[in-house]
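Source file: target.txt. Holds: compact mmCIF, C-alpha atoms.
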```
# COMPACT_ATOMS: atom_id res chain seq x y z
CA MET A 43 -12.07 9.13 -6.86
CA GLY A 44 -15.35 10.89 -6.23
CA VAL A 45 -16.76 14.32 -5.51
CA LEU A 46 -18.68 14.43 -2.25
CA ALA A 47 -22.07 15.92 -1.60
CA ALA A 48 -22.93 19.19 0.10
CA PRO A 49 -22.07 19.61 3.80
CA THR A 50 -24.30 18.21 6.53
CA THR A 51 -22.08 18.96 9.52
CA ILE A 52 -24.25 19.85 12.51
CA GLY A 53 -23.58 22.61 15.01
CA LEU A 54 -22.42 21.63 18.46
CA HIS A 55 -24.05 22.98 21.60
CA ILE A 56 -21.41 24.44 23.91
CA SER A 57 -22.27 24.34 27.59
CA ARG A 58 -20.57 24.72 30.94
CA PRO A 59 -18.54 21.71 32.18
CA PRO A 60 -20.88 19.19 33.85
CA GLY A 61 -20.47 18.71 37.58
CA VAL A 62 -19.07 15.23 37.11
CA PHE A 63 -15.82 16.83 35.94
CA GLY A 64 -15.41 18.86 39.11
CA ASP A 65 -14.15 22.40 39.40
CA PRO A 66 -13.71 23.79 35.86
CA THR A 67 -10.93 26.10 37.09
CA ALA A 68 -8.85 23.31 38.65
CA SER A 69 -5.50 22.32 37.16
CA ARG A 70 -5.76 19.49 34.63
CA ALA A 71 -2.05 18.83 34.16
CA GLN A 72 -2.00 15.74 36.37
CA PRO A 73 -2.51 12.46 34.45
CA ARG A 74 -2.70 10.19 37.50
CA GLY A 75 -5.76 9.08 39.44
CA TRP A 76 -8.39 9.18 36.70
CA ASP A 77 -10.96 6.51 35.90
CA LEU A 78 -11.28 8.14 32.47
CA LEU A 79 -8.84 10.49 30.78
CA GLY A 80 -10.20 11.57 27.41
CA ASN A 81 -9.31 13.63 24.37
CA VAL A 82 -11.06 13.95 21.00
CA PRO A 83 -10.74 16.46 18.12
CA VAL A 84 -11.70 20.01 19.07
CA PRO A 85 -15.07 20.13 17.23
CA LEU A 86 -16.27 17.13 19.26
CA ARG A 87 -14.98 17.92 22.75
CA HIS A 88 -18.04 19.52 24.30
CA LEU A 89 -20.33 17.01 22.66
CA VAL A 90 -18.39 13.98 23.90
CA ARG A 91 -17.74 15.47 27.33
CA ASP A 92 -21.48 16.00 27.83
CA GLY A 93 -22.16 12.43 26.70
CA VAL A 94 -19.70 11.10 29.25
CA ALA A 95 -21.36 13.15 31.98
CA ALA A 96 -24.78 11.82 31.01
CA ARG A 97 -23.50 8.27 31.55
CA VAL A 98 -21.65 8.95 34.81
CA GLN A 99 -24.17 11.10 36.69
CA PRO A 100 -26.91 8.40 36.93
CA LEU A 101 -24.34 5.96 38.33
CA ARG A 102 -23.70 8.36 41.20
CA ARG A 103 -27.41 8.75 41.88
CA ASP A 104 -27.81 4.97 41.93
CA GLY A 105 -25.19 4.61 44.65
CA HIS A 106 -22.26 3.42 42.55
CA ALA A 107 -18.78 4.58 43.41
CA PRO A 108 -18.17 7.90 41.62
CA LEU A 109 -16.02 7.74 38.50
CA LYS A 110 -13.31 10.37 38.30
CA CYS A 111 -13.19 11.78 34.77
CA CYS A 112 -10.93 14.30 33.07
CA PHE A 113 -11.67 15.72 29.63
CA PRO A 114 -9.33 18.69 28.94
CA MET A 115 -10.97 21.37 26.83
CA GLY A 116 -7.69 22.80 25.53
CA GLN A 117 -7.60 26.02 27.54
CA GLY A 118 -3.82 26.13 27.27
CA GLY A 119 -1.01 25.00 29.55
CA ALA A 120 0.29 21.51 30.07
CA SER A 121 -1.97 18.65 29.08
CA PRO A 122 -2.13 15.43 31.11
CA PHE A 123 -1.58 13.58 27.84
CA GLN A 124 1.87 15.15 27.59
CA ARG A 125 2.76 13.53 30.91
CA LEU A 126 1.44 10.02 30.39
CA ARG A 127 4.77 8.81 29.03
CA TYR A 128 6.38 9.47 32.40
CA ILE A 129 4.15 7.01 34.26
CA ARG A 130 5.85 3.76 35.20
CA ALA A 131 3.38 2.10 37.62
CA LEU A 132 0.20 0.47 36.31
CA ASP A 133 -1.98 1.69 39.18
CA GLU A 134 -1.05 5.32 38.38
CA PHE A 135 -2.19 5.08 34.76
CA PRO A 136 -5.81 6.10 33.94
CA HIS A 137 -8.15 3.11 34.04
CA MET A 138 -9.60 4.12 30.66
CA LEU A 139 -7.85 6.20 28.05
CA VAL A 140 -9.73 7.81 25.15
CA SER A 141 -7.46 9.56 22.70
CA ALA A 142 -7.05 11.27 19.37
CA GLU A 143 -3.32 11.66 19.94
CA TYR A 144 -0.84 10.48 17.32
CA GLY A 145 2.13 8.71 18.82
CA HIS A 146 2.71 6.59 21.86
CA CYS A 147 0.96 7.47 25.13
CA PHE A 148 2.99 4.74 26.86
CA ASN A 149 6.72 4.78 27.44
CA ARG A 150 8.55 1.73 26.11
CA ALA A 151 9.07 0.00 29.45
CA PHE A 152 5.42 0.52 30.44
CA HIS A 153 4.21 -0.74 27.06
CA ALA A 154 6.41 -3.83 27.17
CA ARG A 155 5.41 -4.74 30.71
CA HIS A 156 1.75 -3.77 30.89
CA VAL A 157 0.30 -3.33 27.41
CA GLU A 158 2.05 -6.32 25.85
CA GLY A 159 1.57 -8.13 29.15
CA GLY A 160 -2.20 -8.01 28.74
CA ALA A 161 -3.21 -5.35 31.27
CA PHE A 162 -5.21 -3.39 28.66
CA ARG A 163 -8.06 -4.40 26.37
CA ALA A 164 -9.49 -2.87 23.20
CA GLU A 165 -13.10 -3.72 24.05
CA GLN A 166 -13.70 -3.56 20.28
CA PRO A 167 -17.21 -4.81 19.44
CA ASN A 168 -17.79 -7.30 16.65
CA GLY A 169 -19.87 -6.52 13.60
CA VAL A 170 -18.45 -3.17 12.49
CA ASP A 171 -18.68 -2.24 8.83
CA ALA A 172 -16.29 -4.15 6.57
CA VAL A 173 -14.62 -0.95 5.32
CA PHE A 174 -12.85 -0.66 8.68
CA SER A 175 -11.66 -4.24 8.92
CA GLU A 176 -10.54 -4.18 5.27
CA ALA A 177 -8.40 -1.14 6.09
CA GLY A 178 -6.80 -3.00 9.02
CA LEU A 179 -8.15 -0.70 11.74
CA ILE A 180 -9.14 -3.56 14.05
CA ASP A 181 -6.19 -4.20 16.35
CA PRO A 182 -5.13 -7.86 15.93
CA LYS A 183 -3.53 -7.76 19.40
CA GLY A 184 -6.76 -6.58 21.03
CA TRP A 185 -5.03 -3.74 22.89
CA ILE A 186 -6.49 -0.65 21.18
CA GLY A 187 -10.13 -0.16 20.22
CA VAL A 188 -11.01 2.30 17.45
CA PHE A 189 -14.44 3.93 17.80
CA ALA A 190 -14.22 6.41 14.89
CA VAL A 191 -11.84 7.78 12.28
CA ALA A 192 -11.06 11.23 10.94
CA PRO A 193 -10.60 10.72 7.19
CA PHE A 194 -8.22 12.99 5.28
CA VAL A 195 -9.33 13.82 1.73
CA PHE A 196 -8.41 16.35 -0.96
CA LEU A 197 -10.07 19.77 -0.82
CA ILE A 198 -9.49 21.17 -4.30
CA ASP A 199 -9.39 24.86 -5.15
CA ARG A 200 -10.21 24.59 -8.85
CA ALA A 201 -9.23 28.16 -9.73
CA ARG A 202 -5.89 27.86 -7.92
CA LEU A 203 -5.21 24.48 -9.54
CA GLY A 204 -5.85 25.95 -12.98
CA ASP A 205 -5.50 23.58 -15.91
CA LEU A 206 -3.72 20.89 -13.90
CA PRO A 207 -5.55 17.57 -13.51
CA VAL A 208 -7.32 16.91 -10.23
CA PRO A 209 -5.24 14.38 -8.23
CA ARG A 210 -6.79 10.95 -7.94
CA ARG A 211 -4.43 9.06 -5.63
CA TRP A 212 -2.04 9.91 -2.79
CA SER A 213 0.97 9.18 -4.98
CA ASP A 214 -0.13 11.97 -7.32
CA LEU A 215 0.90 14.53 -4.69
CA ALA A 216 4.56 13.69 -5.41
CA ASP A 217 4.23 14.61 -9.11
CA PRO A 218 6.36 17.69 -9.94
CA ILE A 219 3.45 19.17 -11.93
CA TYR A 220 1.92 20.08 -8.55
CA ALA A 221 4.80 22.35 -7.50
CA GLY A 222 3.42 25.07 -5.24
CA GLN A 223 0.03 23.38 -5.00
CA VAL A 224 0.05 20.90 -2.08
CA VAL A 225 -0.95 22.24 1.34
CA PHE A 226 -1.24 20.14 4.50
CA GLY A 227 -1.86 20.93 8.16
CA GLY A 228 0.56 22.91 10.31
CA TRP A 229 0.63 25.93 12.57
CA ARG A 230 3.04 28.48 13.96
CA ARG A 231 2.98 30.53 17.14
CA PRO A 232 2.61 34.28 16.65
CA GLY A 233 5.88 35.91 15.76
CA GLN A 234 7.70 32.63 15.03
CA SER A 235 8.87 31.38 11.65
CA ASP A 236 9.18 27.67 12.51
CA TYR A 237 6.10 25.49 12.61
CA ALA A 238 5.26 24.43 16.16
CA GLY A 239 3.12 21.56 14.89
CA TYR A 240 2.40 19.80 11.62
CA ASN A 241 0.61 16.72 10.32
CA ALA A 242 3.32 14.12 10.95
CA PHE A 243 0.73 11.36 10.55
CA PHE A 244 0.22 12.35 6.91
CA LEU A 245 3.95 12.47 6.17
CA GLN A 246 4.66 9.15 7.85
CA ALA A 247 1.79 7.49 5.98
CA MET A 248 3.27 8.86 2.77
CA ALA A 249 6.68 7.49 3.77
CA MET A 250 5.15 4.03 4.09
CA GLU A 251 3.38 4.49 0.76
CA LEU A 252 6.10 6.17 -1.31
CA GLY A 253 9.31 5.91 0.71
CA LEU A 254 11.32 8.84 2.02
CA GLY A 255 12.05 9.93 -1.54
CA GLY A 256 8.31 10.26 -2.13
CA VAL A 257 7.95 12.38 1.00
CA ALA A 258 10.75 14.65 -0.24
CA ARG A 259 8.97 15.03 -3.58
CA ILE A 260 5.70 15.93 -1.86
CA LEU A 261 7.43 18.50 0.33
CA ALA A 262 9.00 20.00 -2.80
CA ASN A 263 5.44 20.75 -3.96
CA VAL A 264 4.40 22.47 -0.70
CA PRO A 265 4.34 26.31 -0.68
CA SER A 266 3.34 26.57 3.00
CA LEU A 267 1.32 24.88 5.72
CA VAL A 268 -2.10 25.95 6.96
CA HIS A 269 -3.92 25.06 10.16
CA SER A 270 -6.64 22.57 9.26
CA ALA A 271 -9.32 24.87 10.68
CA GLN A 272 -8.23 27.58 8.20
CA MET A 273 -8.43 25.37 5.12
CA PRO A 274 -12.19 25.71 4.47
CA ARG A 275 -11.88 29.46 5.00
CA LEU A 276 -9.08 29.87 2.46
CA ALA A 277 -9.97 27.38 -0.26
CA GLY A 278 -11.65 29.12 -3.17
CA THR A 279 -10.52 32.62 -2.15
CA ASP A 280 -7.83 34.89 -3.56
CA ALA A 281 -5.75 34.15 -0.44
CA SER A 282 -5.58 30.42 -1.14
CA PRO A 283 -1.92 29.32 -0.96
CA GLY A 284 -2.42 26.17 -3.04
CA GLY A 285 -4.86 24.18 -5.12
CA ILE A 286 -4.74 20.90 -3.19
CA TYR A 287 -5.43 20.77 0.53
CA VAL A 288 -4.89 17.57 2.51
CA ALA A 289 -7.77 18.21 4.87
CA PRO A 290 -9.84 16.30 7.42
CA LEU A 291 -13.25 15.55 5.96
CA SER A 292 -15.01 17.11 8.96
CA LEU A 293 -13.48 20.51 8.15
CA ALA A 294 -13.20 20.27 4.37
CA ASP A 295 -16.92 19.56 4.26
CA MET A 296 -17.55 22.98 5.82
CA CYS A 297 -16.07 24.94 2.90
CA PRO A 298 -18.87 27.24 1.71
CA ARG A 299 -17.50 27.98 -1.78
CA ARG A 300 -18.64 24.83 -3.55
CA HIS A 301 -18.82 26.71 -6.87
CA ARG A 302 -15.01 27.09 -6.74
CA THR A 303 -13.96 24.00 -4.76
CA GLN A 304 -14.65 20.29 -4.58
CA LEU A 305 -14.02 17.44 -2.17
CA VAL A 306 -12.24 14.44 -3.63
CA TRP A 307 -12.03 11.05 -1.93
CA PRO A 308 -8.79 9.43 -3.16
CA GLU A 309 -9.27 6.26 -5.19
CA ASP A 310 -6.89 4.33 -2.96
CA GLY A 311 -8.69 5.45 0.20
CA ALA A 312 -8.99 8.43 2.49
CA LEU A 313 -6.19 8.47 5.05
CA ALA A 314 -7.85 7.34 8.30
CA PHE A 315 -6.72 8.91 11.57
CA PRO A 316 -8.14 6.79 14.43
CA LEU A 317 -10.01 7.93 17.52
CA TRP A 318 -9.27 5.16 19.98
CA LEU A 319 -9.60 3.86 23.50
CA THR A 320 -8.11 1.26 25.79
CA VAL A 321 -9.32 -0.05 29.15
CA LYS A 322 -7.53 -1.79 31.99
CA ARG A 323 -8.59 -5.41 32.08
CA SER A 324 -9.13 -5.18 35.84
CA GLN A 325 -11.58 -2.26 35.44
CA ARG A 326 -13.60 -3.37 32.41
CA LEU A 327 -16.78 -4.17 34.37
CA THR A 328 -16.72 -0.90 36.30
CA LEU A 329 -16.18 1.10 33.12
CA ALA A 330 -18.60 -0.87 30.93
CA PRO A 331 -21.14 2.02 30.76
CA LEU A 332 -18.49 4.33 29.32
CA VAL A 333 -17.18 1.71 26.91
CA ASP A 334 -20.75 1.17 25.71
CA TYR A 335 -21.11 4.90 25.15
CA PHE A 336 -18.01 5.24 22.99
CA HIS A 337 -18.85 2.19 20.90
CA GLY A 338 -22.61 2.74 21.01
CA PRO A 339 -25.24 4.06 18.58
CA ASP A 340 -25.97 7.41 20.25
CA LEU A 341 -22.44 8.71 19.91
CA ALA A 342 -22.06 6.99 16.53
CA ARG A 343 -24.96 8.97 15.07
CA LEU A 344 -23.41 12.25 16.21
CA LEU A 345 -19.95 11.25 15.01
CA ASN A 346 -21.34 10.28 11.60
CA ALA A 347 -23.32 13.52 11.35
CA ASN A 348 -20.07 15.43 11.94
CA ARG A 349 -18.14 13.45 9.32
CA TYR A 350 -16.25 11.16 11.69
CA PRO A 351 -17.19 7.67 10.44
CA ALA A 352 -17.99 5.57 13.51
CA LEU A 353 -17.13 1.90 14.11
CA CYS A 354 -20.52 1.01 15.53
CA PRO A 355 -22.06 -2.41 14.87
CA GLY A 356 -25.14 -2.17 12.70
CA GLN A 357 -24.53 1.39 11.51
CA LYS A 358 -23.21 2.45 8.14
CA PRO A 359 -20.34 4.92 8.45
CA ALA A 360 -20.61 8.49 7.17
CA MET A 361 -18.81 7.95 3.88
CA PRO A 362 -19.78 7.02 0.33
CA ALA A 363 -20.56 3.35 -0.21
CA TRP A 364 -17.83 3.07 -2.84
CA ALA A 365 -15.14 4.77 -0.73
CA LYS A 366 -12.12 3.12 0.86
CA LEU A 367 -9.96 3.94 3.87
CA LYS A 368 -6.17 3.82 4.06
CA TRP A 369 -4.39 3.05 7.35
CA PRO A 370 -0.68 2.23 7.84
CA GLY A 371 -1.53 -0.80 9.99
CA TRP A 372 -0.87 -1.80 13.58
CA ASP A 373 2.04 -4.06 12.66
CA TYR A 374 3.77 -1.17 10.92
CA LEU A 375 3.24 1.25 13.80
CA ARG A 376 4.55 -1.26 16.33
CA HIS A 377 7.59 -2.29 14.34
CA GLY A 378 10.94 -1.00 15.51
CA ASP A 379 11.61 0.62 12.14
CA CYS A 380 8.54 2.86 12.51
CA ALA A 381 10.17 5.15 15.07
CA ALA A 382 13.32 5.39 12.98
CA GLU A 383 11.29 6.28 9.90
CA LEU A 384 9.38 8.94 11.82
CA LYS A 385 12.71 10.52 12.82
CA ALA A 386 13.78 10.49 9.18
CA VAL A 387 10.48 12.10 8.16
CA ARG A 388 10.95 14.81 10.78
CA LYS A 389 14.43 15.45 9.45
CA LEU A 390 13.05 15.85 5.92
CA PHE A 391 10.43 18.25 7.20
CA GLN A 392 13.05 20.29 9.06
CA HIS A 393 15.14 20.44 5.88
CA TRP A 394 12.09 21.67 3.96
CA GLN A 395 11.33 24.23 6.66
CA GLU A 396 14.87 25.59 6.58
CA HIS A 397 14.80 25.77 2.78
CA TRP A 398 11.37 27.45 2.86
CA ALA A 399 12.55 29.99 5.45
CA CYS A 400 15.46 30.92 3.17
CA GLY A 401 12.98 31.75 0.45
```

Using structure tokens, write down the structure from this file.
Amino acid sequence: MGVLAAPTTIGLHISRPPGVFGDPTASRAQPRGWDLLGNVPVPLRHLVRDGVAARVQPLRRDGHAPLKCCFPMGQGGASPFQRLRYIRALDEFPHMLVSAEYGHCFNRAFHARHVEGGAFRAEQPNGVDAVFSEAGLIDPKGWIGVFAVAPFVFLIDRARLGDLPVPRRWSDLADPIYAGQVVFGGWRRPGQSDYAGYNAFFLQAMAMELGLGGVARILANVPSLVHSAQMPRLAGTDASPGGIYVAPLSLADMCPRRHRTQLVWPEDGALAFPLWLTVKRSQRLTLAPLVDYFHGPDLARLLNANRYPALCPGQKPAMPAWAKLKWPGWDYLRHGDCAAELKAVRKLFQHWQEHWACG
């Protein structure tokens, strides 16, 4: 366990959509026909979108066939990512997919025929820092390439935690002494009592770590959920709902009340949420400039500066030298029991939500 240094997160320049992405008012609900369909966490979207444009625009000027790119900015409405699972034909699927989505972007039949059949490549470069390979983030099948991770750490509100010991490991969150203290990410639509979204990745990782009983014990310690973007605003204030926030490092590091809070990197590793890509084997040469961008040093420096440790050869990730990462593993995620366990986790969460709603 360790307390992290003061924040160094940089501000992101927000600009109009580059011309390479076409009419900014056009519908973006259609997932078909794209050379690149991309999605990254909200704080990075404009930054990454502009980087993609900077790589694509010179290709057009040099006479190359134009690349059709889609990078939804989250203006509301249906997302093309929500429709990917309905695609059955390989030629209708985007040639390159960049994603921060949790869960399968491929339906089972498509995955079995095309992904397992070798139509997609990770394009993962060699020579990334050992902390990533030790955590198992390099896909042994070579289908998915990880270019950065969003680590989840503990953001501690010391006043709210009181005399209780600061948690050191993920298993500590299941200890009954932390009743009413553990807060993780979730959000509700205005006027609704049920949570429309929550950090299922965290709960499923805890199920692998502690079993479903451990997840139930963690949920018993949860007073409410908070949108991740609200965590640094609430921690250390009188409105703080708990003393232990399971927060992405990029946001936890923005908390301004360092005299009342601290960031703790769990001894057994920060929970690593991958930012990943995959490329059709048949299009890898055409898309090489974009692959080089996502795995390259320019983006890596910006990712690291914003607390998203990058898997870039020759660059140290933005994390303490002593720190570890924790990742469920590709074999676990692809095993048939994984989907069944996720359903069981969702059932536990629904039970907690119903109990919480009853007061």

Shortest interatomic distance to Leu345 (chain A) - which of A:Lys322, A:Ser292, A:Tyr240, A:Arg210, counting only C-alpha atoms: A:Ser292

For CA of Leu291 (chain A) and CA of Ala192 (chain A), the interatomic separation in Å (one decimal):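 Distance reported for this atom pair: 6.9 Å.
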
All residues 6 Å or closer to region 312-318 of chain A, all atoms listed in the file, same chain fewer than 3 positions away omitted, as a list in words: Val140, Ser141, Ala142, Gly187, Val188, Phe189, Ala190, Val191, Ala192, Pro193, Phe194, Val195, Trp307, Pro308, Leu367, Lys368 and Trp369 of chain A

Sphere at (0.3, -7.2, 32.8), radius 12 Å, counting all atoms listed in the file: residues as a ChimeraX atom specification: /A:131-133,151-163,185,322-324

Selected residue, from A:Gly311, A:Gly239, A:Pro167, A:Gly255, that lies nearest to Ala386 (chain A) when counting all atoms listed in the file: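 Closest to Ala386 (chain A), using all atoms listed in the file: A:Gly255.
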
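With CA of Gly93 (chain A) on one side and CA of Gln325 (chain A) on the other, the separation reads 20.1 Å.
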
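CA of Ala330 (chain A) lies 11.6 Å from CA of His137 (chain A).
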
Spatial neighbours of region 224-234 of chain A, max dist 12 Å, only C-alpha atoms, sep filter under 6 positions, as a PyMOL selection string: chain A and resi 194-199+202-203+208-209+212+214-218+240-245+259-274+276-277+282-290+293-294+391+395+399

Near-region 333-340 of chain A list (8 Å; all atoms listed in the file; drop same-chain fewer than 4 positions) as JSON, numbers by chain: {"A": [93, 94, 97, 165, 166, 167, 189, 329, 344, 353, 354, 357]}

Same residues, C-alpha atoms, saved as an mmCIF file, keeping the file's coordinate frame:
```
data_model
loop_
_atom_site.group_PDB
_atom_site.id
_atom_site.type_symbol
_atom_site.label_atom_id
_atom_site.label_comp_id
_atom_site.auth_asym_id
_atom_site.auth_seq_id
_atom_site.Cartn_x
_atom_site.Cartn_y
_atom_site.Cartn_z
ATOM 1 C CA GLY A 93 -22.160 12.430 26.700
ATOM 2 C CA VAL A 94 -19.700 11.100 29.250
ATOM 3 C CA ARG A 97 -23.500 8.270 31.550
ATOM 4 C CA GLU A 165 -13.100 -3.720 24.050
ATOM 5 C CA GLN A 166 -13.700 -3.560 20.280
ATOM 6 C CA PRO A 167 -17.210 -4.810 19.440
ATOM 7 C CA PHE A 189 -14.440 3.930 17.800
ATOM 8 C CA LEU A 329 -16.180 1.100 33.120
ATOM 9 C CA LEU A 344 -23.410 12.250 16.210
ATOM 10 C CA LEU A 353 -17.130 1.900 14.110
ATOM 11 C CA CYS A 354 -20.520 1.010 15.530
ATOM 12 C CA GLN A 357 -24.530 1.390 11.510
#
```

Exercise: Phe135 (chain A) partners within 9 Å, all atoms listed in the file, chain neighbours under 4 positions left out, as a count of residues only: 10

Spatial neighbours of Met361 (chain A), 9 Å, only C-alpha atoms, chain gap at least 6 places, as a PyMOL selection string: chain A and resi 46+346+349-351

Atoms kept (C-alpha atoms) for selection, written as a PDB file, keeping the file's coordinate frame:
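What landed in out_14.pdb:
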```pdb
ATOM      1  CA  LEU A  46     -18.680  14.430  -2.250  1.00  0.00           C
ATOM      2  CA  ASN A 346     -21.340  10.280  11.600  1.00  0.00           C
ATOM      3  CA  ARG A 349     -18.140  13.450   9.320  1.00  0.00           C
ATOM      4  CA  TYR A 350     -16.250  11.160  11.690  1.00  0.00           C
ATOM      5  CA  PRO A 351     -17.190   7.670  10.440  1.00  0.00           C
TER       6      PRO A 351
END
```

Shortest interatomic distance to Ala381 (chain A) - which of A:Arg343, A:His397, A:Pro359, A:Gln246, counting only C-alpha atoms: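 Answer, going by the shortest atom-to-atom distance: A:Gln246.
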
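For the residues A:Ser175, A:Arg299, A:Thr328, A:Ala201, ranking by smallest atom-to-atom distance to Ala107 (chain A) using all atoms listed in the file places A:Thr328 first.
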